[in-house]
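Okay, protein-v4.pdb is below, PDB, C-alpha atoms:
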ATOM      1  CA  MET A   1      17.589  11.996  18.871  1.00  0.00           C
ATOM      2  CA  THR A   2      15.351   9.017  19.395  1.00  0.00           C
ATOM      3  CA  THR A   3      13.998   7.143  22.391  1.00  0.00           C
ATOM      4  CA  THR A   4      13.451   3.386  22.516  1.00  0.00           C
ATOM      5  CA  LEU A   5      10.226   2.353  24.225  1.00  0.00           C
ATOM      6  CA  PHE A   6       8.673  -1.008  25.039  1.00  0.00           C
ATOM      7  CA  ARG A   7       5.110  -2.207  25.295  1.00  0.00           C
ATOM      8  CA  PRO A   8       3.972  -5.589  26.644  1.00  0.00           C
ATOM      9  CA  VAL A   9       0.968  -6.924  24.725  1.00  0.00           C
ATOM     10  CA  GLY A  10      -1.168 -10.030  24.505  1.00  0.00           C
ATOM     11  CA  LEU A  11      -1.928 -12.048  21.400  1.00  0.00           C
ATOM     12  CA  ARG A  12      -4.928 -10.024  20.256  1.00  0.00           C
ATOM     13  CA  GLU A  13      -3.146  -6.690  20.485  1.00  0.00           C
ATOM     14  CA  LEU A  14      -0.122  -8.074  18.668  1.00  0.00           C
ATOM     15  CA  ALA A  15      -2.419  -9.368  15.920  1.00  0.00           C
ATOM     16  CA  LEU A  16      -3.724  -5.824  15.433  1.00  0.00           C
ATOM     17  CA  VAL A  17      -0.186  -4.452  15.369  1.00  0.00           C
ATOM     18  CA  PHE A  18       0.612  -7.021  12.670  1.00  0.00           C
ATOM     19  CA  ASP A  19      -2.403  -5.817  10.686  1.00  0.00           C
ATOM     20  CA  SER A  20      -0.826  -2.339  10.685  1.00  0.00           C
ATOM     21  CA  GLN A  21       2.304  -3.834   9.082  1.00  0.00           C
ATOM     22  CA  MET A  22       4.042  -3.424  12.446  1.00  0.00           C
ATOM     23  CA  ARG A  23       3.724   0.351  12.352  1.00  0.00           C
ATOM     24  CA  ALA A  24       0.987   1.227  14.853  1.00  0.00           C
ATOM     25  CA  PHE A  25      -0.737   0.218  18.064  1.00  0.00           C
ATOM     26  CA  PRO A  26      -4.523  -0.208  17.983  1.00  0.00           C
ATOM     27  CA  PRO A  27      -6.958   2.342  19.442  1.00  0.00           C
ATOM     28  CA  ARG A  28      -7.673   2.046  23.140  1.00  0.00           C
ATOM     29  CA  LEU A  29     -10.989   0.729  24.391  1.00  0.00           C
ATOM     30  CA  PRO A  30     -13.467   3.207  25.940  1.00  0.00           C
ATOM     31  CA  GLU A  31     -12.474   2.086  29.444  1.00  0.00           C
ATOM     32  CA  GLN A  32      -8.757   2.601  28.666  1.00  0.00           C
ATOM     33  CA  PRO A  33      -8.053   6.367  28.726  1.00  0.00           C
ATOM     34  CA  ILE A  34      -4.259   5.998  28.728  1.00  0.00           C
ATOM     35  CA  PHE A  35      -1.781   4.284  26.409  1.00  0.00           C
ATOM     36  CA  TYR A  36       1.317   3.490  28.422  1.00  0.00           C
ATOM     37  CA  PRO A  37       4.484   2.166  26.838  1.00  0.00           C
ATOM     38  CA  VAL A  38       7.287   1.596  29.328  1.00  0.00           C
ATOM     39  CA  LEU A  39      10.800   3.006  29.365  1.00  0.00           C
ATOM     40  CA  ASN A  40      12.861  -0.129  29.942  1.00  0.00           C
ATOM     41  CA  ARG A  41      12.808  -3.700  28.768  1.00  0.00           C
ATOM     42  CA  HIS A  42      13.139  -5.272  32.222  1.00  0.00           C
ATOM     43  CA  TYR A  43       9.831  -3.769  33.330  1.00  0.00           C
ATOM     44  CA  ALA A  44       8.164  -4.799  30.071  1.00  0.00           C
ATOM     45  CA  VAL A  45       9.419  -8.369  30.580  1.00  0.00           C
ATOM     46  CA  GLN A  46       7.981  -8.432  34.102  1.00  0.00           C
ATOM     47  CA  ILE A  47       4.543  -7.464  32.818  1.00  0.00           C
ATOM     48  CA  ALA A  48       4.596  -9.827  29.841  1.00  0.00           C
ATOM     49  CA  ARG A  49       5.934 -12.813  31.785  1.00  0.00           C
ATOM     50  CA  ASP A  50       4.280 -12.395  35.174  1.00  0.00           C
ATOM     51  CA  TRP A  51       0.944 -10.774  34.302  1.00  0.00           C
ATOM     52  CA  ASN A  52       0.083 -11.419  30.667  1.00  0.00           C
ATOM     53  CA  ALA A  53       1.329 -14.974  30.082  1.00  0.00           C
ATOM     54  CA  PRO A  54      -0.630 -16.516  33.004  1.00  0.00           C
ATOM     55  CA  SER A  55      -3.812 -14.622  32.059  1.00  0.00           C
ATOM     56  CA  GLU A  56      -6.661 -15.977  29.975  1.00  0.00           C
ATOM     57  CA  GLN A  57      -7.544 -12.363  29.138  1.00  0.00           C
ATOM     58  CA  SER A  58      -4.207 -12.137  27.290  1.00  0.00           C
ATOM     59  CA  ASP A  59      -4.723 -15.558  25.668  1.00  0.00           C
ATOM     60  CA  PHE A  60      -1.974 -16.913  27.931  1.00  0.00           C
ATOM     61  CA  SER A  61       0.638 -14.905  26.061  1.00  0.00           C
ATOM     62  CA  GLY A  62       2.909 -11.978  26.776  1.00  0.00           C
ATOM     63  CA  PHE A  63       4.927 -10.323  24.032  1.00  0.00           C
ATOM     64  CA  VAL A  64       7.375  -7.477  24.588  1.00  0.00           C
ATOM     65  CA  THR A  65       7.344  -5.071  21.671  1.00  0.00           C
ATOM     66  CA  GLU A  66      10.078  -2.526  21.058  1.00  0.00           C
ATOM     67  CA  PHE A  67       9.865   0.635  18.987  1.00  0.00           C
ATOM     68  CA  VAL A  68      11.677   3.912  18.410  1.00  0.00           C
ATOM     69  CA  ILE A  69      10.162   7.371  18.598  1.00  0.00           C
ATOM     70  CA  ASP A  70      11.472  10.919  18.295  1.00  0.00           C
ATOM     71  CA  SER A  71      12.763  12.052  21.688  1.00  0.00           C
ATOM     72  CA  HIS A  72      11.572  15.626  21.322  1.00  0.00           C
ATOM     73  CA  TYR A  73       8.044  14.400  20.660  1.00  0.00           C
ATOM     74  CA  SER A  74       7.973  11.834  23.473  1.00  0.00           C
ATOM     75  CA  GLU A  75       9.229  14.325  26.070  1.00  0.00           C
ATOM     76  CA  GLN A  76       5.889  16.115  26.093  1.00  0.00           C
ATOM     77  CA  PHE A  77       4.228  13.150  27.813  1.00  0.00           C
ATOM     78  CA  PRO A  78       4.628  12.625  31.549  1.00  0.00           C
ATOM     79  CA  VAL A  79       6.693   9.731  32.901  1.00  0.00           C
ATOM     80  CA  LYS A  80       4.974   7.952  35.779  1.00  0.00           C
ATOM     81  CA  ILE A  81       6.755   5.711  38.298  1.00  0.00           C
ATOM     82  CA  VAL A  82       4.257   3.068  39.401  1.00  0.00           C
ATOM     83  CA  GLY A  83       6.396   0.997  41.732  1.00  0.00           C
ATOM     84  CA  SER A  84      10.153   0.899  42.109  1.00  0.00           C
ATOM     85  CA  SER A  85      12.445   3.153  40.097  1.00  0.00           C
ATOM     86  CA  VAL A  86      12.478   0.740  37.125  1.00  0.00           C
ATOM     87  CA  HIS A  87       8.685   0.804  36.815  1.00  0.00           C
ATOM     88  CA  GLN A  88       8.557   3.803  34.512  1.00  0.00           C
ATOM     89  CA  GLU A  89       5.684   4.364  32.095  1.00  0.00           C
ATOM     90  CA  LEU A  90       5.006   7.034  29.502  1.00  0.00           C
ATOM     91  CA  TRP A  91       1.387   8.160  29.797  1.00  0.00           C
ATOM     92  CA  VAL A  92      -0.162   9.051  26.447  1.00  0.00           C
ATOM     93  CA  PRO A  93      -3.846  10.095  26.370  1.00  0.00           C
ATOM     94  CA  ALA A  94      -5.851   7.627  24.308  1.00  0.00           C
ATOM     95  CA  GLU A  95      -7.156  10.375  22.029  1.00  0.00           C
ATOM     96  CA  ARG A  96      -3.578  11.129  20.970  1.00  0.00           C
ATOM     97  CA  LEU A  97      -2.604   7.560  20.101  1.00  0.00           C
ATOM     98  CA  THR A  98      -3.150   8.033  16.348  1.00  0.00           C
ATOM     99  CA  GLU A  99      -0.804  11.005  16.440  1.00  0.00           C
ATOM    100  CA  PHE A 100       1.654   9.051  18.595  1.00  0.00           C
ATOM    101  CA  ASN A 101       1.669   6.170  16.113  1.00  0.00           C
ATOM    102  CA  ARG A 102       2.643   8.543  13.318  1.00  0.00           C
ATOM    103  CA  GLU A 103       5.791   9.420  15.259  1.00  0.00           C
ATOM    104  CA  ILE A 104       7.005   5.809  15.455  1.00  0.00           C
ATOM    105  CA  GLN A 105      10.132   5.431  13.361  1.00  0.00           C
ATOM    106  CA  GLY A 106      10.494   2.173  11.448  1.00  0.00           C
ATOM    107  CA  ARG A 107       8.729  -1.006  12.504  1.00  0.00           C
ATOM    108  CA  ILE A 108       7.556  -2.297  15.848  1.00  0.00           C
ATOM    109  CA  ARG A 109       9.462  -5.471  16.790  1.00  0.00           C
ATOM    110  CA  VAL A 110       8.833  -8.360  19.171  1.00  0.00           C
ATOM    111  CA  VAL A 111      11.894  -8.848  21.385  1.00  0.00           C
ATOM    112  CA  ASP A 112      10.610 -11.236  24.093  1.00  0.00           C
ATOM    113  CA  ALA A 113       7.747 -13.703  24.301  1.00  0.00           C
ATOM    114  CA  PHE A 114       6.239 -15.761  27.131  1.00  0.00           C
ATOM    115  CA  PHE A 115       3.440 -18.313  27.182  1.00  0.00           C
ATOM    116  CA  GLY A 116       1.182 -19.931  29.734  1.00  0.00           C
ATOM    117  CA  ASP A 117       0.020 -23.526  29.638  1.00  0.00           C
ATOM    118  CA  GLY A 118      -3.313 -22.514  28.134  1.00  0.00           C
ATOM    119  CA  TYR A 119      -1.875 -20.902  25.003  1.00  0.00           C
ATOM    120  CA  LYS A 120      -3.707 -22.009  21.873  1.00  0.00           C
ATOM    121  CA  GLY A 121      -2.323 -19.332  19.591  1.00  0.00           C
ATOM    122  CA  PHE A 122      -3.704 -17.508  16.615  1.00  0.00           C
ATOM    123  CA  ILE A 123      -5.946 -19.940  14.754  1.00  0.00           C
ATOM    124  CA  PRO A 124      -6.466 -19.106  11.078  1.00  0.00           C
ATOM    125  CA  PRO A 125      -9.662 -19.858   9.146  1.00  0.00           C
ATOM    126  CA  GLN A 126      -8.101 -21.120   5.918  1.00  0.00           C
ATOM    127  CA  PHE A 127      -5.948 -23.766   4.245  1.00  0.00           C
ATOM    128  CA  ASN A 128      -4.229 -26.615   6.111  1.00  0.00           C
ATOM    129  CA  LEU A 129      -3.770 -24.657   9.350  1.00  0.00           C
ATOM    130  CA  SER A 130      -7.477 -23.854   9.553  1.00  0.00           C
ATOM    131  CA  GLY A 131      -8.974 -24.496  12.989  1.00  0.00           C
ATOM    132  CA  LYS A 132      -5.720 -25.822  14.445  1.00  0.00           C
ATOM    133  CA  THR A 133      -4.063 -24.680  17.663  1.00  0.00           C
ATOM    134  CA  ALA A 134      -0.489 -23.406  17.594  1.00  0.00           C
ATOM    135  CA  THR A 135       0.787 -26.847  18.607  1.00  0.00           C
ATOM    136  CA  GLU A 136      -1.281 -28.581  15.935  1.00  0.00           C
ATOM    137  CA  GLN A 137      -0.073 -26.043  13.373  1.00  0.00           C
ATOM    138  CA  LEU A 138       3.596 -26.853  13.994  1.00  0.00           C
ATOM    139  CA  VAL A 139       2.858 -30.576  13.681  1.00  0.00           C
ATOM    140  CA  CYS A 140       0.993 -29.880  10.437  1.00  0.00           C
ATOM    141  CA  MET A 141       3.842 -27.727   9.113  1.00  0.00           C
ATOM    142  CA  ALA A 142       6.340 -30.480   9.908  1.00  0.00           C
ATOM    143  CA  GLY A 143       4.272 -32.990   7.950  1.00  0.00           C
ATOM    144  CA  THR A 144       3.885 -30.616   5.018  1.00  0.00           C
ATOM    145  CA  PHE A 145       7.630 -29.896   5.003  1.00  0.00           C
ATOM    146  CA  ASP A 146       8.365 -33.623   4.773  1.00  0.00           C
ATOM    147  CA  TYR A 147       6.208 -34.289   1.727  1.00  0.00           C
ATOM    148  CA  SER A 148       5.944 -31.053  -0.291  1.00  0.00           C
ATOM    149  CA  MET A 149       8.128 -27.959  -0.174  1.00  0.00           C
ATOM    150  CA  MET A 150       5.749 -26.196  -2.552  1.00  0.00           C
ATOM    151  CA  ASP A 151       2.813 -26.736  -0.208  1.00  0.00           C
ATOM    152  CA  PHE A 152       4.992 -25.656   2.718  1.00  0.00           C
ATOM    153  CA  VAL A 153       5.828 -22.358   1.020  1.00  0.00           C
ATOM    154  CA  CYS A 154       2.209 -21.781  -0.002  1.00  0.00           C
ATOM    155  CA  GLU A 155       0.996 -22.419   3.557  1.00  0.00           C
ATOM    156  CA  ILE A 156       3.352 -19.788   4.958  1.00  0.00           C
ATOM    157  CA  ALA A 157       2.293 -17.265   2.322  1.00  0.00           C
ATOM    158  CA  ALA A 158      -1.419 -17.974   2.843  1.00  0.00           C
ATOM    159  CA  ASN A 159      -1.250 -17.926   6.644  1.00  0.00           C
ATOM    160  CA  LYS A 160       1.573 -15.475   7.289  1.00  0.00           C
ATOM    161  CA  LYS A 161      -0.281 -13.889  10.203  1.00  0.00           C
ATOM    162  CA  ALA A 162      -0.569 -17.203  12.043  1.00  0.00           C
ATOM    163  CA  VAL A 163       3.058 -18.029  11.273  1.00  0.00           C
ATOM    164  CA  TYR A 164       4.274 -14.666  12.573  1.00  0.00           C
ATOM    165  CA  LEU A 165       2.187 -14.720  15.765  1.00  0.00           C
ATOM    166  CA  ASN A 166       2.822 -18.358  16.678  1.00  0.00           C
ATOM    167  CA  PHE A 167       6.480 -18.494  15.674  1.00  0.00           C
ATOM    168  CA  PRO A 168       7.788 -17.432  19.141  1.00  0.00           C
ATOM    169  CA  PHE A 169       5.746 -20.241  20.708  1.00  0.00           C
ATOM    170  CA  TRP A 170       7.143 -22.779  18.249  1.00  0.00           C
ATOM    171  CA  LEU A 171      10.649 -21.702  19.214  1.00  0.00           C
ATOM    172  CA  SER A 172       9.934 -22.119  22.913  1.00  0.00           C
ATOM    173  CA  ARG A 173       8.364 -25.581  23.027  1.00  0.00           C
ATOM    174  CA  ASP A 174       9.357 -29.236  22.762  1.00  0.00           C
ATOM    175  CA  PHE A 175       7.044 -30.970  20.310  1.00  0.00           C
ATOM    176  CA  GLY A 176       8.448 -34.445  20.926  1.00  0.00           C
ATOM    177  CA  PRO A 177       5.277 -35.557  22.750  1.00  0.00           C
ATOM    178  CA  HIS A 178       3.364 -34.600  19.598  1.00  0.00           C
ATOM    179  CA  GLY A 179       5.525 -36.634  17.250  1.00  0.00           C
ATOM    180  CA  VAL A 180       7.958 -33.927  16.132  1.00  0.00           C
ATOM    181  CA  ALA A 181      11.504 -34.567  17.370  1.00  0.00           C
ATOM    182  CA  GLY A 182      13.738 -31.669  18.333  1.00  0.00           C
ATOM    183  CA  THR A 183      15.937 -31.946  15.244  1.00  0.00           C
ATOM    184  CA  GLN A 184      12.875 -32.088  13.000  1.00  0.00           C
ATOM    185  CA  ARG A 185      11.373 -29.036  14.708  1.00  0.00           C
ATOM    186  CA  ASP A 186      14.635 -27.160  14.213  1.00  0.00           C
ATOM    187  CA  ARG A 187      14.665 -27.997  10.494  1.00  0.00           C
ATOM    188  CA  VAL A 188      11.091 -26.761  10.138  1.00  0.00           C
ATOM    189  CA  ILE A 189      11.887 -23.544  12.048  1.00  0.00           C
ATOM    190  CA  GLU A 190      14.895 -22.855   9.835  1.00  0.00           C
ATOM    191  CA  ALA A 191      12.882 -23.607   6.701  1.00  0.00           C
ATOM    192  CA  ILE A 192      10.193 -21.148   7.816  1.00  0.00           C
ATOM    193  CA  ARG A 193      12.882 -18.476   8.247  1.00  0.00           C
ATOM    194  CA  GLN A 194      14.297 -19.160   4.799  1.00  0.00           C
ATOM    195  CA  VAL A 195      10.851 -18.910   3.213  1.00  0.00           C
ATOM    196  CA  TRP A 196       9.831 -15.865   5.250  1.00  0.00           C
ATOM    197  CA  HIS A 197      12.699 -13.417   4.967  1.00  0.00           C
ATOM    198  CA  PRO A 198      12.853 -12.908   1.184  1.00  0.00           C
ATOM    199  CA  ARG A 199       9.058 -12.715   0.944  1.00  0.00           C
ATOM    200  CA  PHE A 200       8.365 -10.461   3.936  1.00  0.00           C
ATOM    201  CA  PRO A 201      11.622  -8.559   4.487  1.00  0.00           C
ATOM    202  CA  ASN A 202       9.948  -5.693   6.349  1.00  0.00           C
ATOM    203  CA  THR A 203       8.503  -7.917   9.071  1.00  0.00           C
ATOM    204  CA  GLN A 204      11.197  -9.640  11.097  1.00  0.00           C
ATOM    205  CA  LEU A 205      10.410 -12.999  12.659  1.00  0.00           C
ATOM    206  CA  TYR A 206      11.109 -13.316  16.358  1.00  0.00           C
ATOM    207  CA  GLY A 207      14.191 -15.199  17.387  1.00  0.00           C
ATOM    208  CA  PRO A 208      17.181 -15.231  19.733  1.00  0.00           C
ATOM    209  CA  HIS A 209      19.512 -15.012  16.728  1.00  0.00           C
ATOM    210  CA  SER A 210      18.584 -11.334  16.455  1.00  0.00           C
ATOM    211  CA  ASN A 211      16.950 -10.461  19.788  1.00  0.00           C
ATOM    212  CA  GLU A 212      18.798 -11.765  22.836  1.00  0.00           C
ATOM    213  CA  SER A 213      16.361 -12.394  25.674  1.00  0.00           C
ATOM    214  CA  ILE A 214      17.037 -10.824  29.045  1.00  0.00           C
ATOM    215  CA  ALA A 215      14.408 -12.776  30.965  1.00  0.00           C
TER
END

Go through the file and emit its structure as structure tokens.
Amino acid sequence: MTTTLFRPVGLRELALVFDSQMRAFPPRLPEQPIFYPVLNRHYAVQIARDWNAPSEQSDFSGFVTEFVIDSHYSEQFPVKIVGSSVHQELWVPAERLTEFNREIQGRIRVVDAFFGDGYKGFIPPQFNLSGKTATEQLVCMAGTFDYSMMDFVCEIAANKKAVYLNFPFWLSRDFGPHGVAGTQRDRVIEAIRQVWHPRFPNTQLYGPHSNESIA
């Protein structure tokens, strides 16, 4: 049997999860003795939306990750209720996180995403997206899509980390004030999906087509 767990994370933690090919959570900091995934998505959404997204410390972002772990293994860790009955956390000692990660079955997925007004996104250091905020990146991608499909594909391949991390934000925002109409944004989003999936089939892009939000 398996158990589905959820963990709300900010942009920097999600970037480290991406670096693991969506298979592991990063080590805890010295002042963080406990790793605590939560047992239900509603609680994870509350944390991501109400605590992480408004916080500069989380880069004004809150992502809900979902993963599956062997039930027999997870049962050895205590469940703590930290508020009402839905506020259930699994408390894993930080020194056992490497072991815990090895028990994750399949890939970690992002199933919900929330953003504050200060979100700038993951800013890559290379190619056309270099130094640009998430908003500027979408505008750049729209321009590239209009004039060169080859360059568009190469940009996604070269900056796949930025594309993956900022993609939920692109889905959630109106870029009309920045010169990208809604229909144009939708075409760019769909083109990114079509480029992404055959090239990176093991890392699923976020989207309501596959992950229905419960927020």

Output, as AutoDock Vina command-line options, the centre and edge lengths in Å (one decimal) of the axis-aligned box that contains all listed atoms of stretch 119-122 of chain A with 4 Å of margin on each side.
--center_x -2.8 --center_y -19.8 --center_z 20.8 --size_x 9.8 --size_y 12.5 --size_z 16.4

Answer key for the PyMOL selection byres ((chain A and resi 72) around 12), residues as a PDB file with C-alpha atoms, keeping the file's coordinate frame:
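And here's result.pdb as it stands now:
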ATOM      1  CA  MET A   1      17.589  11.996  18.871  1.00  0.00           C
ATOM      2  CA  THR A   2      15.351   9.017  19.395  1.00  0.00           C
ATOM      3  CA  THR A   3      13.998   7.143  22.391  1.00  0.00           C
ATOM      4  CA  ILE A  69      10.162   7.371  18.598  1.00  0.00           C
ATOM      5  CA  ASP A  70      11.472  10.919  18.295  1.00  0.00           C
ATOM      6  CA  SER A  71      12.763  12.052  21.688  1.00  0.00           C
ATOM      7  CA  TYR A  73       8.044  14.400  20.660  1.00  0.00           C
ATOM      8  CA  SER A  74       7.973  11.834  23.473  1.00  0.00           C
ATOM      9  CA  GLU A  75       9.229  14.325  26.070  1.00  0.00           C
ATOM     10  CA  GLN A  76       5.889  16.115  26.093  1.00  0.00           C
ATOM     11  CA  PHE A  77       4.228  13.150  27.813  1.00  0.00           C
ATOM     12  CA  GLU A 103       5.791   9.420  15.259  1.00  0.00           C
TER      13      GLU A 103
END

Nearby residues (all atoms listed in the file) at most 8 Å from A:Ile156, same-chain spacing under 5 positions excluded, as a PyMOL selection string: chain A and resi 163+192+195-196

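A distance cut-off of 12 Å around (-2.5, 8.4, 28.4), counting only C-alpha atoms, selects these protein and nucleic acid residues: Pro27, Arg28, Glu31, Gln32, Pro33, Ile34, Phe35, Tyr36, Pro37, Val38, Gln76, Phe77, Pro78, Val79, Lys80, Glu89, Leu90, Trp91, Val92, Pro93, Ala94, Glu95, Arg96, Leu97 and Phe100 of chain A.
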
Evaluate the PyMOL selection byres ((chain A and resi 185) around 9) and report residues as a list in words: Leu138, Val139, Ala142, Trp170, Leu171, Asp174, Phe175, Gly176, Val180, Ala181, Gly182, Thr183, Gln184, Asp186, Arg187, Val188, Ile189 and Glu190 of chain A

Test item: residues at most 10 Å from A:Phe25, all atoms listed in the file, excluding those fewer than 3 positions along its chain, as a list in words: Arg7, Val9, Glu13, Leu14, Ala15, Leu16, Val17, Phe18, Asp19, Ser20, Met22, Arg28, Phe35, Leu97, Thr98, Phe100, Asn101, Ile104 and Ile108 of chain A

Test item: residues at most 7 Å from stretch 111-120 of chain A, only C-alpha atoms, excluding those fewer than 3 positions along its chain, as a PDB file with C-alpha atoms, in the coordinates of the input:
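selection-v6.pdb was written with the following content:
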ATOM      1  CA  ALA A  48       4.596  -9.827  29.841  1.00  0.00           C
ATOM      2  CA  ARG A  49       5.934 -12.813  31.785  1.00  0.00           C
ATOM      3  CA  ALA A  53       1.329 -14.974  30.082  1.00  0.00           C
ATOM      4  CA  PRO A  54      -0.630 -16.516  33.004  1.00  0.00           C
ATOM      5  CA  ASP A  59      -4.723 -15.558  25.668  1.00  0.00           C
ATOM      6  CA  PHE A  60      -1.974 -16.913  27.931  1.00  0.00           C
ATOM      7  CA  SER A  61       0.638 -14.905  26.061  1.00  0.00           C
ATOM      8  CA  GLY A  62       2.909 -11.978  26.776  1.00  0.00           C
ATOM      9  CA  PHE A  63       4.927 -10.323  24.032  1.00  0.00           C
ATOM     10  CA  VAL A  64       7.375  -7.477  24.588  1.00  0.00           C
ATOM     11  CA  THR A  65       7.344  -5.071  21.671  1.00  0.00           C
ATOM     12  CA  GLU A  66      10.078  -2.526  21.058  1.00  0.00           C
ATOM     13  CA  THR A 133      -4.063 -24.680  17.663  1.00  0.00           C
ATOM     14  CA  ALA A 134      -0.489 -23.406  17.594  1.00  0.00           C
ATOM     15  CA  PRO A 168       7.788 -17.432  19.141  1.00  0.00           C
ATOM     16  CA  TYR A 206      11.109 -13.316  16.358  1.00  0.00           C
ATOM     17  CA  ASN A 211      16.950 -10.461  19.788  1.00  0.00           C
ATOM     18  CA  SER A 213      16.361 -12.394  25.674  1.00  0.00           C
TER      19      SER A 213
END

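Between atom CA of A:Gly10 and atom CA of A:Asn52 the interatomic distance comes to 6.4 Å.
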
Between atom CA of A:Arg12 and atom CA of A:Ala162, distance in Å (one decimal): 11.7 Å

Which of A:Leu165, A:Tyr147, A:Pro198, A:Tyr43 sits closest to A:Ser84 [using all atoms listed in the file]: A:Tyr43

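Note that the spacing between atom CA of A:Asn40 and atom CA of A:Asn202 amounts to 24.4 Å.
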
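When only C-alpha atoms are used to compute distances to A:Pro177, the closest of the residues A:Asn159, A:Gln194, A:Thr135, A:Thr203 turns out to be A:Thr135.
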
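Using all atoms listed in the file for every distance, the candidate list A:Pro30, A:Arg193, A:Gly207, A:Ala157 yields A:Gly207 as the residue closest to A:Ser172.
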
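The closest residue to A:Phe6, picked from A:Asp50, A:Val110, A:Val82, A:Gln105 and counting all atoms listed in the file, is A:Val110.
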
Proximity to A:His87 - best of A:Leu39, A:Ala191, A:Val45, A:Leu129, all atoms listed in the file: A:Leu39
